[in-house]
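Source file entry-v9.txt; content: compact mmCIF, C-alpha atoms (C1' of nucleotides).
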# COMPACT_ATOMS: atom_id res chain seq x y z
CA MET B 2 -15.25 66.83 9.74
CA THR B 3 -13.12 64.27 11.44
CA PHE B 4 -11.96 66.21 14.49
CA GLN B 5 -13.88 66.32 17.71
CA VAL B 6 -12.94 68.08 20.91
CA THR B 7 -14.00 65.84 23.76
CA GLN B 8 -12.72 67.75 26.77
CA LYS B 9 -11.64 71.29 27.44
CA ARG B 10 -10.00 73.20 30.22
CA ASP B 11 -9.37 76.84 29.50
CA ALA B 12 -7.72 76.93 26.08
CA ALA B 13 -6.30 73.41 26.40
CA ARG B 14 -8.32 70.63 24.90
CA ILE B 15 -8.37 66.92 24.27
CA GLY B 16 -9.85 65.59 21.09
CA MET B 17 -10.12 62.81 18.58
CA LEU B 18 -8.74 63.15 15.08
CA THR B 19 -9.87 60.47 12.66
CA THR B 20 -7.64 59.60 9.72
CA ARG B 21 -7.66 56.92 7.06
CA HIS B 22 -5.17 54.97 9.15
CA GLY B 23 -6.98 55.22 12.43
CA ALA B 24 -8.11 57.69 15.05
CA LEU B 25 -5.67 59.64 17.18
CA THR B 26 -6.25 61.22 20.56
CA THR B 27 -5.02 64.79 20.65
CA PRO B 28 -2.69 66.19 21.70
CA PHE B 29 -0.20 63.92 19.97
CA PHE B 30 3.40 64.07 18.92
CA MET B 31 4.77 62.88 15.58
CA PRO B 32 8.44 61.96 15.24
CA ASP B 33 10.05 63.15 12.04
CA ALA B 34 10.63 60.31 9.59
CA THR B 35 11.81 62.90 7.11
CA ARG B 36 13.26 60.50 4.57
CA ALA B 37 10.72 57.79 5.26
CA SER B 38 12.47 56.57 8.37
CA VAL B 39 13.11 57.77 11.85
CA ARG B 40 16.88 57.68 11.68
CA GLY B 41 18.28 54.48 13.00
CA LEU B 42 15.08 52.99 14.37
CA THR B 43 13.00 50.10 13.10
CA ASN B 44 9.23 50.18 12.93
CA ALA B 45 9.12 47.58 15.68
CA GLN B 46 11.20 49.81 17.93
CA LEU B 47 8.98 52.79 17.18
CA ARG B 48 5.88 50.78 18.01
CA SER B 49 7.49 49.54 21.22
CA VAL B 50 7.65 53.08 22.61
CA GLY B 51 4.13 53.93 21.52
CA VAL B 52 4.79 55.91 18.36
CA VAL B 53 1.71 55.90 16.11
CA PRO B 54 1.69 58.91 13.74
CA MET B 55 4.82 60.20 12.02
CA VAL B 56 5.86 62.99 9.66
CA VAL B 57 7.49 62.45 6.29
CA ASN B 58 8.76 65.20 4.03
CA THR B 59 7.72 66.10 0.52
CA TYR B 60 11.00 67.83 -0.29
CA HIS B 61 13.27 65.00 0.78
CA LEU B 62 11.19 62.23 -0.78
CA LEU B 63 10.83 64.16 -4.04
CA LEU B 64 14.62 64.23 -4.34
CA GLN B 65 15.12 60.71 -3.02
CA PRO B 66 13.87 58.18 -3.94
CA GLY B 67 11.60 60.21 -6.24
CA MET B 68 7.89 59.94 -6.75
CA ASP B 69 8.00 57.33 -9.49
CA LEU B 70 9.49 54.92 -7.04
CA VAL B 71 7.07 55.75 -4.23
CA ARG B 72 4.13 55.27 -6.60
CA GLY B 73 5.66 52.02 -7.77
CA ALA B 74 5.95 50.90 -4.16
CA GLY B 75 2.23 51.48 -3.74
CA GLY B 76 2.49 54.65 -1.69
CA ILE B 77 4.55 55.73 1.27
CA HIS B 78 2.77 53.56 3.83
CA ASN B 79 3.49 50.49 1.80
CA PHE B 80 7.04 51.56 1.03
CA MET B 81 7.83 52.16 4.71
CA GLN B 82 5.58 49.37 5.95
CA TRP B 83 4.05 51.73 8.50
CA ASP B 84 0.34 51.36 9.11
CA GLY B 85 -0.09 54.31 11.46
CA PRO B 86 -1.22 57.73 10.25
CA LEU B 87 1.36 59.68 8.28
CA LEU B 88 1.51 63.41 7.77
CA SER B 89 3.67 64.91 5.05
CA ASP B 90 5.20 68.32 5.38
CA SER B 91 5.01 70.39 2.21
CA GLY B 92 8.72 71.00 1.79
CA GLY B 93 8.26 74.76 1.94
CA TYR B 94 10.16 75.10 5.17
CA GLN B 95 13.00 72.89 3.93
CA VAL B 96 13.49 74.97 0.81
CA TYR B 97 13.29 78.16 2.86
CA SER B 98 15.87 76.80 5.28
CA LEU B 99 18.12 75.73 2.42
CA ILE B 100 17.98 79.11 0.73
CA HIS B 101 18.31 80.99 3.98
CA LYS B 102 21.60 79.21 4.65
CA ASN B 103 22.88 79.55 1.10
CA ALA B 104 21.12 81.95 -1.23
CA ALA B 105 22.82 80.42 -4.24
CA LEU B 106 20.87 77.21 -3.79
CA GLY B 107 17.52 78.61 -4.81
CA LYS B 108 14.92 81.35 -4.62
CA ILE B 109 11.25 81.83 -3.86
CA THR B 110 9.16 83.19 -6.72
CA GLU B 111 5.43 83.74 -7.04
CA ASP B 112 5.20 80.48 -8.95
CA GLY B 113 6.86 78.50 -6.20
CA ALA B 114 10.14 77.51 -4.59
CA VAL B 115 12.98 77.07 -7.05
CA PHE B 116 15.96 75.10 -5.82
CA LYS B 117 18.87 73.03 -6.98
CA SER B 118 19.06 69.43 -5.95
CA VAL B 119 21.93 68.84 -3.57
CA LEU B 120 22.26 65.41 -5.13
CA ASP B 121 22.75 66.18 -8.80
CA GLY B 122 22.45 69.96 -9.14
CA ARG B 123 19.28 69.76 -11.22
CA THR B 124 16.79 72.59 -10.79
CA HIS B 125 13.40 71.80 -9.28
CA VAL B 126 10.36 74.00 -8.92
CA LEU B 127 8.11 73.17 -6.00
CA THR B 128 4.84 74.91 -6.78
CA PRO B 129 1.77 74.80 -4.54
CA GLU B 130 0.11 72.49 -7.07
CA LYS B 131 3.11 70.19 -7.24
CA ALA B 132 3.43 70.03 -3.46
CA ILE B 133 -0.17 68.84 -3.25
CA ARG B 134 0.21 66.39 -6.13
CA ILE B 135 3.28 64.86 -4.53
CA GLN B 136 1.47 64.44 -1.24
CA PHE B 137 -1.40 62.68 -3.00
CA ASP B 138 1.17 60.42 -4.64
CA LEU B 139 2.67 59.72 -1.24
CA GLY B 140 -0.79 58.73 -0.11
CA VAL B 141 -0.47 60.33 3.31
CA ASP B 142 -3.34 60.83 5.72
CA MET B 143 -2.58 64.46 6.47
CA MET B 144 -0.96 66.95 4.13
CA VAL B 145 0.31 70.49 4.49
CA MET B 146 -0.09 73.36 2.07
CA LEU B 147 3.04 74.96 0.64
CA ASP B 148 3.72 78.16 2.57
CA ASP B 149 6.27 80.95 2.55
CA PRO B 150 8.27 81.12 5.79
CA ARG B 151 10.65 83.99 6.53
CA PRO B 152 13.40 84.52 9.08
CA ASN B 153 12.36 85.85 12.46
CA ASP B 154 14.34 89.07 12.19
CA ALA B 155 12.63 90.11 8.93
CA THR B 156 10.73 93.38 8.78
CA ARG B 157 6.97 93.73 8.99
CA THR B 158 6.84 94.45 5.27
CA VAL B 159 8.54 91.15 4.55
CA PHE B 160 6.02 89.31 6.71
CA GLU B 161 3.13 91.11 5.03
CA ASP B 162 4.41 89.81 1.70
CA ALA B 163 4.88 86.33 3.13
CA VAL B 164 1.34 86.28 4.49
CA GLU B 165 -0.23 87.40 1.22
CA ARG B 166 1.81 84.93 -0.78
CA THR B 167 1.00 82.14 1.67
CA ILE B 168 -2.68 82.96 1.21
CA ARG B 169 -2.43 82.98 -2.59
CA TRP B 170 -0.54 79.70 -2.49
CA ALA B 171 -3.11 78.28 -0.09
CA GLN B 172 -5.87 78.96 -2.60
CA ARG B 173 -3.84 77.24 -5.32
CA CYS B 174 -3.22 74.32 -2.97
CA LYS B 175 -6.91 74.07 -2.15
CA ASP B 176 -7.92 74.14 -5.82
CA GLU B 177 -5.39 71.45 -6.64
CA TYR B 178 -6.54 69.44 -3.62
CA ASP B 179 -10.18 69.64 -4.74
CA ARG B 180 -9.21 68.50 -8.24
CA HIS B 181 -7.43 65.44 -6.85
CA VAL B 182 -10.24 64.53 -4.48
CA ALA B 183 -12.68 64.68 -7.37
CA ALA B 184 -10.41 62.90 -9.84
CA ARG B 185 -9.67 60.12 -7.37
CA ASP B 186 -13.30 59.82 -6.41
CA MET B 187 -12.59 60.32 -2.72
CA ASP B 188 -15.30 60.90 -0.15
CA GLU B 189 -15.23 62.54 3.28
CA ALA B 190 -13.84 59.40 4.89
CA SER B 191 -11.18 58.60 2.32
CA ARG B 192 -9.78 62.02 1.52
CA PRO B 193 -6.64 63.13 3.32
CA LEU B 194 -6.82 66.01 5.77
CA LEU B 195 -5.49 69.30 4.47
CA PHE B 196 -3.61 71.69 6.76
CA GLY B 197 -3.07 75.34 6.01
CA VAL B 198 -0.15 77.17 7.56
CA VAL B 199 -0.55 80.48 9.36
CA GLN B 200 2.35 82.85 8.71
CA GLY B 201 2.92 86.38 9.96
CA GLY B 202 6.06 86.22 12.06
CA PRO B 203 5.79 87.98 15.40
CA PHE B 204 2.87 90.21 14.33
CA ALA B 205 -0.44 89.16 15.86
CA ASP B 206 -2.55 91.07 13.36
CA LEU B 207 -0.75 89.46 10.43
CA ARG B 208 -1.23 86.04 11.99
CA ALA B 209 -4.93 86.78 12.43
CA ARG B 210 -5.21 88.06 8.86
CA CYS B 211 -3.55 84.89 7.58
CA ALA B 212 -5.71 82.62 9.72
CA HIS B 213 -8.94 84.30 8.64
CA ALA B 214 -8.01 84.07 4.97
CA LEU B 215 -7.17 80.40 5.35
CA HIS B 216 -10.52 79.82 7.02
CA ALA B 217 -12.22 81.39 4.05
CA ILE B 218 -10.33 79.05 1.73
CA GLY B 219 -11.23 76.15 3.97
CA CYS B 220 -8.79 73.72 5.58
CA ASP B 221 -9.23 70.69 7.81
CA GLY B 222 -6.56 71.94 10.17
CA TYR B 223 -4.33 74.95 10.69
CA GLY B 224 -0.66 75.12 11.51
CA PHE B 225 1.68 77.60 13.13
CA GLY B 226 4.34 78.40 10.53
CA GLY B 227 7.72 80.01 10.61
CA ARG B 228 10.12 79.94 13.46
CA HIS B 229 8.42 79.90 16.83
CA VAL B 230 11.45 80.75 18.93
CA ASP B 231 13.11 84.10 19.31
CA MET B 232 16.76 84.88 18.66
CA ASP B 233 17.65 83.43 22.05
CA GLY B 234 15.83 80.20 21.32
CA ARG B 235 12.93 80.98 23.67
CA LEU B 236 9.40 80.09 22.69
CA MET B 237 7.44 83.09 21.41
CA GLU B 238 4.55 82.25 23.68
CA GLU B 239 2.49 85.39 23.18
CA ILE B 240 2.26 85.10 19.40
CA ILE B 241 1.61 81.39 19.66
CA THR B 242 -1.24 82.09 22.06
CA HIS B 243 -2.73 84.76 19.83
CA THR B 244 -2.42 82.61 16.73
CA ALA B 245 -4.19 79.68 18.36
CA ALA B 246 -7.00 82.02 19.38
CA SER B 247 -7.41 83.19 15.79
CA ILE B 248 -7.98 79.63 14.55
CA THR B 249 -11.41 78.06 14.82
CA PRO B 250 -11.71 75.72 17.82
CA ASP B 251 -13.43 73.21 15.58
CA ALA B 252 -10.22 72.41 13.70
CA PRO B 253 -7.05 70.69 14.88
CA ARG B 254 -4.16 73.08 15.41
CA PHE B 255 -0.73 71.89 14.35
CA ALA B 256 2.31 73.48 16.00
CA LEU B 257 4.87 72.70 13.31
CA GLY B 258 8.31 71.90 14.60
CA ILE B 259 7.49 72.29 18.28
CA GLY B 260 9.42 71.51 20.28
CA THR B 261 11.04 70.99 23.63
CA PRO B 262 8.87 69.23 26.22
CA SER B 263 8.22 72.49 28.02
CA ASP B 264 7.34 74.22 24.73
CA ILE B 265 4.84 71.46 23.98
CA VAL B 266 3.24 71.79 27.41
CA ARG B 267 2.95 75.55 26.95
CA CYS B 268 1.53 75.24 23.45
CA HIS B 269 -1.01 72.64 24.46
CA ALA B 270 -2.12 74.89 27.26
CA VAL B 271 -3.02 77.61 24.77
CA GLY B 272 -4.83 75.35 22.34
CA TRP B 273 -2.41 73.49 20.07
CA ASP B 274 -3.08 69.83 19.35
CA LEU B 275 -0.49 68.38 16.98
CA PHE B 276 3.27 68.49 17.40
CA ASP B 277 6.31 67.29 15.53
CA CYS B 278 9.95 67.90 16.21
CA VAL B 279 13.41 66.54 15.52
CA ILE B 280 14.50 67.13 19.10
CA PRO B 281 13.97 63.67 20.58
CA THR B 282 15.76 61.92 17.75
CA ARG B 283 18.44 64.44 16.87
CA GLU B 284 19.38 65.28 20.43
CA GLY B 285 19.28 61.60 21.28
CA ARG B 286 21.76 60.89 18.52
CA HIS B 287 23.99 63.56 20.00
CA GLY B 288 23.78 62.10 23.48
CA ARG B 289 21.23 64.29 25.22
CA LEU B 290 18.62 62.30 27.09
CA PHE B 291 15.37 63.48 28.64
CA VAL B 292 14.61 62.43 32.19
CA TYR B 293 11.47 63.09 34.21
CA THR B 294 12.07 64.68 37.58
CA HIS B 295 8.42 64.17 38.41
CA THR B 296 5.26 63.36 36.51
CA ASP B 297 2.74 65.42 38.41
CA HIS B 298 0.26 66.74 35.88
CA ALA B 299 -0.57 69.92 37.73
CA GLN B 300 3.07 70.84 38.18
CA MET B 301 3.73 70.25 34.52
CA HIS B 302 1.62 73.28 33.71
CA SER B 303 2.52 75.44 36.66
CA ALA B 304 6.25 74.84 36.19
CA PRO B 305 6.76 73.68 32.61
CA ASP B 306 10.52 74.00 32.85
CA ASP B 307 10.93 71.90 35.96
CA PHE B 308 9.21 68.58 35.39
CA TYR B 309 12.18 67.12 33.54
CA HIS B 310 15.84 67.67 32.93
CA THR B 311 18.32 66.50 30.35
CA ILE B 312 21.58 64.68 30.76
CA ASN B 313 24.46 64.46 28.34
CA ILE B 314 25.17 60.77 28.52
CA ALA B 315 28.74 61.27 27.31
CA ASN B 316 29.64 63.32 30.39
CA ALA B 317 32.23 61.83 32.75
CA GLN B 318 29.83 61.76 35.69
CA TYR B 319 27.92 58.88 34.11
CA ARG B 320 30.96 56.71 33.44
CA GLN B 321 30.18 54.43 36.35
CA ASP B 322 26.48 55.14 36.66
CA PHE B 323 24.89 51.71 36.59
CA SER B 324 21.34 53.02 36.89
CA PRO B 325 18.92 53.28 33.99
CA ILE B 326 18.54 56.55 32.06
CA ASP B 327 15.18 57.09 33.76
CA PRO B 328 14.01 54.56 36.36
CA THR B 329 10.38 55.43 35.65
CA CYS B 330 10.71 54.72 31.92
CA THR B 331 9.59 51.48 30.31
CA CYS B 332 11.54 51.77 27.06
CA TYR B 333 13.92 49.03 25.96
CA ALA B 334 16.98 51.13 26.80
CA CYS B 335 15.82 51.85 30.34
CA THR B 336 14.63 48.34 31.13
CA ASN B 337 17.73 46.61 29.75
CA HIS B 338 20.72 48.91 29.96
CA THR B 339 22.57 51.30 32.24
CA ARG B 340 23.79 54.84 31.72
CA ALA B 341 27.36 53.53 31.95
CA TYR B 342 26.76 51.05 29.14
CA ILE B 343 25.07 53.61 26.90
CA GLN B 344 27.92 56.04 27.54
CA HIS B 345 30.32 53.29 26.57
CA LEU B 346 28.44 52.83 23.30
CA PHE B 347 28.71 56.56 22.60
CA ARG B 348 32.39 56.65 23.48
CA VAL B 349 33.27 53.85 21.14
CA GLY B 350 31.11 55.30 18.40
CA GLU B 351 28.76 52.35 18.34
CA PRO B 352 25.55 53.35 16.53
CA LEU B 353 23.54 51.31 19.02
CA GLY B 354 24.13 54.10 21.55
CA ALA B 355 22.47 56.72 19.39
CA GLN B 356 19.71 54.27 18.61
CA LEU B 357 18.94 53.55 22.27
CA ALA B 358 19.10 57.26 23.08
CA ALA B 359 16.64 58.20 20.35
CA LEU B 360 14.37 55.36 21.37
CA HIS B 361 14.34 56.53 24.97
CA ASN B 362 13.71 60.14 24.03
CA LEU B 363 10.79 59.13 21.86
CA ARG B 364 9.32 57.20 24.76
CA PHE B 365 9.74 60.34 26.87
CA PHE B 366 7.79 62.39 24.31
CA VAL B 367 5.07 59.78 23.89
CA ARG B 368 4.70 59.65 27.67
CA LEU B 369 4.49 63.41 27.79
CA MET B 370 1.59 63.34 25.34
CA GLU B 371 -0.10 60.55 27.28
CA MET B 372 0.04 62.74 30.36
CA LEU B 373 -1.30 65.76 28.48
CA GLN B 374 -4.12 63.62 27.11
CA HIS B 375 -5.32 63.13 30.66
CA LEU B 376 -4.59 66.61 31.90
CA SER B 377 -8.03 68.05 31.66
CA ILE B 378 -9.66 65.35 33.73
CA GLU B 379 -7.20 65.78 36.57
CA PRO B 380 -8.54 67.81 39.47
CA ARG B 381 -7.68 71.45 39.09
CA HIS B 382 -4.97 72.57 41.48
CA ASN B 383 -5.72 76.15 42.38
CA THR B 384 -2.95 78.10 44.02
C1' G Z 14 78.40 44.79 23.51
C1' C Z 15 78.56 47.98 18.87
C1' G Z 16 76.10 51.12 15.28
C1' A Z 17 72.10 54.00 13.15
C1' C Z 18 67.75 56.62 13.94
C1' U Z 19 64.33 58.94 17.22
C1' A Z 20 62.87 61.87 21.74
C1' U Z 21 57.42 68.17 21.35
C1' A Z 22 49.97 67.53 24.60
C1' G Z 23 47.14 61.29 26.93
C1' U Z 24 48.42 59.31 21.63
C1' U Z 25 50.22 60.00 16.49
C1' C Z 26 52.71 63.83 14.28
C1' A Z 27 53.95 69.30 12.61
C1' G Z 28 57.23 73.25 13.47
C1' C Z 29 60.98 77.28 14.23
C1' G Z 30 67.99 80.34 16.39
C1' G Z 31 63.65 85.55 18.27
C1' U Z 32 55.67 87.65 19.67
C1' U Z 33 51.44 83.49 22.97
C1' A Z 34 55.13 76.05 20.03
C1' G Z 35 50.29 74.08 15.92
C1' A Z 36 47.00 69.90 14.14
C1' A Z 37 44.35 65.42 14.39
C1' C Z 38 42.41 61.93 17.56
C1' A Z 39 41.60 61.42 22.90
C1' U Z 40 39.91 64.19 27.46
C1' C Z 41 36.38 68.00 29.72
C1' G Z 42 32.03 70.90 28.78
C1' G Z 43 28.24 73.13 25.73
C1' U Z 44 24.72 73.63 21.34
C1' U Z 45 20.69 71.40 18.49
C1' U Z 46 12.87 73.32 17.72
C1' G Z 47 7.91 71.82 10.09
C1' U Z 48 16.21 66.80 10.25
C1' G Z 49 21.46 69.16 3.79
C1' G Z 50 23.37 66.95 11.06
C1' U Z 51 27.55 59.46 12.96
C1' A Z 52 26.83 67.25 13.14
C1' C Z 53 28.43 71.94 15.26
C1' C Z 54 30.93 75.20 19.12
C1' G Z 55 34.26 75.98 23.11
C1' A Z 56 37.99 74.68 27.00
C1' G Z 57 42.19 72.35 29.43
C1' G Z 58 46.67 69.97 28.15
C1' A Z 59 53.51 69.48 25.76
C1' U Z 60 59.40 70.87 24.03
C1' C Z 61 63.33 63.71 28.13
C1' U Z 62 67.66 65.08 31.83
C1' G Z 63 72.33 67.73 32.45
C1' G Z 64 75.96 70.68 30.28
C1' G Z 65 77.83 73.89 26.09
C1' U Z 66 77.61 77.73 21.92
C1' U Z 67 74.67 82.35 21.58
C1' C Z 68 72.20 88.72 23.33
C1' G Z 69 68.61 84.72 23.02
C1' A Z 70 68.06 77.36 22.36
C1' U Z 71 62.17 73.65 21.80
C1' U Z 72 65.54 74.35 17.48
C1' C Z 73 72.65 73.94 16.92
C1' C Z 74 76.73 70.88 19.67
C1' C Z 75 78.23 67.18 23.64
C1' A Z 76 77.04 63.69 27.39
C1' G Z 77 73.37 60.93 29.91
C1' U Z 78 68.76 58.36 29.81
C1' A Z 79 64.86 55.91 27.13
C1' G Z 80 62.77 53.70 22.75
C1' U Z 81 62.98 51.48 17.75
C1' C Z 82 65.79 48.99 14.10
C1' G Z 83 70.22 46.60 12.50
C1' C Z 84 74.88 43.89 13.49
C1' C Z 85 77.87 40.59 16.56

Starting from the file, give its structure as structure tokens.
Amino acid sequence: MTFQVTQKRDAARIGMLTTRHGALTTPFFMPDATRASVRGLTNAQLRSVGVVPMVVNTYHLLLQPGMDLVRGAGGIHNFMQWDGPLLSDSGGYQVYSLIHKNAALGKITEDGAVFKSVLDGRTHVLTPEKAIRIQFDLGVDMMVMLDDPRPNDATRTVFEDAVERTIRWAQRCKDEYDRHVAARDMDEASRPLLFGVVQGGPFADLRARCAHALHAIGCDGYGFGGRHVDMDGRLMEEIITHTAASITPDAPRFALGIGTPSDIVRCHAVGWDLFDCVIPTREGRHGRLFVYTHTDHAQMHSAPDDFYHTINIANAQYRQDFSPIDPTCTCYACTNHTRAYIQHLFRVGEPLGAQLAALHNLRFFVRLMEMLQHLSIEPRHNT
RNA sequence: GCGACUAUAGUUCAGCGGUUAGAACAUCGGUUUGUGGUACCGAGGAUCUGGGUUCGAUUCCCAGUAGUCGCC
């Protein structure tokens, strides 16, 4: 096993996850490089703000550029020229999301996810076996089993079906994974880490059932699947807490798609270790910037909504604001440019604005994780 | 100086003798949670001036003013 918890405080923990492309201190955050790039940013820029691991997506890369090309490039690391750890998402959530928005685009069957390519209309079938094979072809350090997410407002019966199917698919994923490890002559150090995904919607017993079944199958890590926010966009903290508790403390816990900075703080507090989210990059592109109001570790946990705020850089109040986005930030945008200038870039539609905004937000998230990585050794502030 | 054409939102344009005059862009604000997203949602904002015809004029007529083009 390549995960070691080094410090604990209550359910929160700090650990070390070893991958083929280096060791990572947990908790950590992975930006989404869905199509083998973090939109608009160069590798050098990503490194400059402290990004190390990233997430790529099986679904998107399968469609474009296709696996023949990735294999020809010598794997996804070589293709992207990124030497940090890479995790690939299985594509299950993307197909679910696609179908949920437009049922005509595909369907989920017992065999796998059937969908039409948005590029050429051809039909693809993403089976558990294929999802694993693709991720081996990508050559990532961490891979995710194909799962069966459902919308939050589905009935208990629907979630029961989703859990059972996710478990059946997990076994197929594991069998396929074992075949590849054997066929490729991989050992404990060279094999990628395999993450199962715990489904079950808002039902704690279904989450526990799913987690226990995945443990029996055997994964390196376990993820929280499905949507983790309620209909009002609020984090479903109780179910996230229960789900973490139903996963062995010996394995890394991956909170897929989480989240806002306050969501990440809350999830880490209840035992989650890995995070990925589009928020810093997408919201940055749309002009929302994250700013620390203070960086007191104790207050981060006691008031997880109050240690930062966001600004919409396009708002009129920043037109003549010649201060940096965040005076405590060391990113290129904050050390070289003013809010007024970045607003100007947004107003004239200059892509550099979105680029600087995403860069800053990523620095904010990396800093957040750096703070959480020291949280447990800070003196406890009892109230 | 003469003639033609034009005059509606900040801008470029629709429109109609009769509810609340539309759009795009711009402005102001919001949304975004395992990225079909240079995306999406909402708000504020206008009939050049003065007469006339008419039950009723932003619309039709006249004059003025302004602009564009053309001609001397």

My list of candidates is Z:G47, Z:G28, Z:G42, Z:G16. Which is closest to chain B when distances are computed with all atoms listed in the file?
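The shortest atom-to-atom distance to chain B comes from Z:G47.
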
Pick from B:Phe196, B:Pro150, B:Leu64, B:Gly219 nearest to B:Thr124, counting only C-alpha atoms:
B:Leu64

Looking at B:Val164, B:Cys335, B:Cys211, B:Val145, which one is nearest to chain Z, with distances taken over only C-alpha atoms (C1' of nucleotides)?
B:Val145

If we count all atoms listed in the file and set the cut-off at 9 Å, which residues sit around Z:C41, ignoring sequence neighbours fewer than 2 positions away in its own chain? Please answer as a list in words.
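Surrounding residues, per the criterion: Asn316 and Ala317 of chain B; A56 and G57 of chain Z.
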
Keeping only C-alpha atoms (C1' of nucleotides), write the selected residues as a compact mmCIF listing (two decimals), keeping the file's coordinate frame.
# COMPACT_ATOMS: atom_id res chain seq x y z
CA ASN B 316 29.64 63.32 30.39
CA ALA B 317 32.23 61.83 32.75
C1' A Z 56 37.99 74.68 27.00
C1' G Z 57 42.19 72.35 29.43

Find the residues with any atom within 10 Å of (12.8, 72.1, 5.8); use only C-alpha atoms (C1' of nucleotides) and the coordinates as given in the file, and write the answer as a PyMOL selection string.
(chain B and resi 35+58-61+90-99+258) or (chain Z and resi 47-49)

Using only C-alpha atoms (C1' of nucleotides) and a distance of at most 6 Å, pull out the residues of chain B that contact chain Z, as a list in words.
Leu257, Gly258, Ile259, Gly260 and Val279 of chain B

Export of prior selection with C-alpha atoms as an mmCIF file, in the frame of the given file:
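The result, stored in out.cif:
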data_model
loop_
_atom_site.group_PDB
_atom_site.id
_atom_site.type_symbol
_atom_site.label_atom_id
_atom_site.label_comp_id
_atom_site.auth_asym_id
_atom_site.auth_seq_id
_atom_site.Cartn_x
_atom_site.Cartn_y
_atom_site.Cartn_z
ATOM 1 C CA LEU B 257 4.870 72.700 13.310
ATOM 2 C CA GLY B 258 8.310 71.900 14.600
ATOM 3 C CA ILE B 259 7.490 72.290 18.280
ATOM 4 C CA GLY B 260 9.420 71.510 20.280
ATOM 5 C CA VAL B 279 13.410 66.540 15.520
#

Given only C-alpha atoms as the counted atoms, nearest of B:Leu139, B:Ile326, B:Ile265, B:Val71 to B:Val367
B:Ile265

Could you tell me how far atom CA of B:Cys174 sits from atom CA of B:Met68, in Å to one decimal place?
18.6 Å

Between atom C1' of Z:U19 and atom C1' of Z:C38 lies a distance of 22.1 Å

What's the separation between atom CA of B:Met81 and atom CA of B:His287, in Å to one decimal place?
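Rounded to one decimal, the two atoms are 25.0 Å apart.
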
Contacts of Z:C75 at 12 Å (all atoms listed in the file; same-chain gap of 3+ positions) as a VMD selection string:
chain Z and resid 63 to 66

Please determine the residues with any atom at most 12 Å from (1.3, 50.5, 5.7) (coordinates as given in the file, with all atoms listed in the file counting) and report them as JSON, numbers by chain.
{"B": [21, 22, 23, 37, 44, 53, 54, 74, 75, 76, 77, 78, 79, 80, 81, 82, 83, 84, 85, 86, 87, 139, 140, 141, 142]}
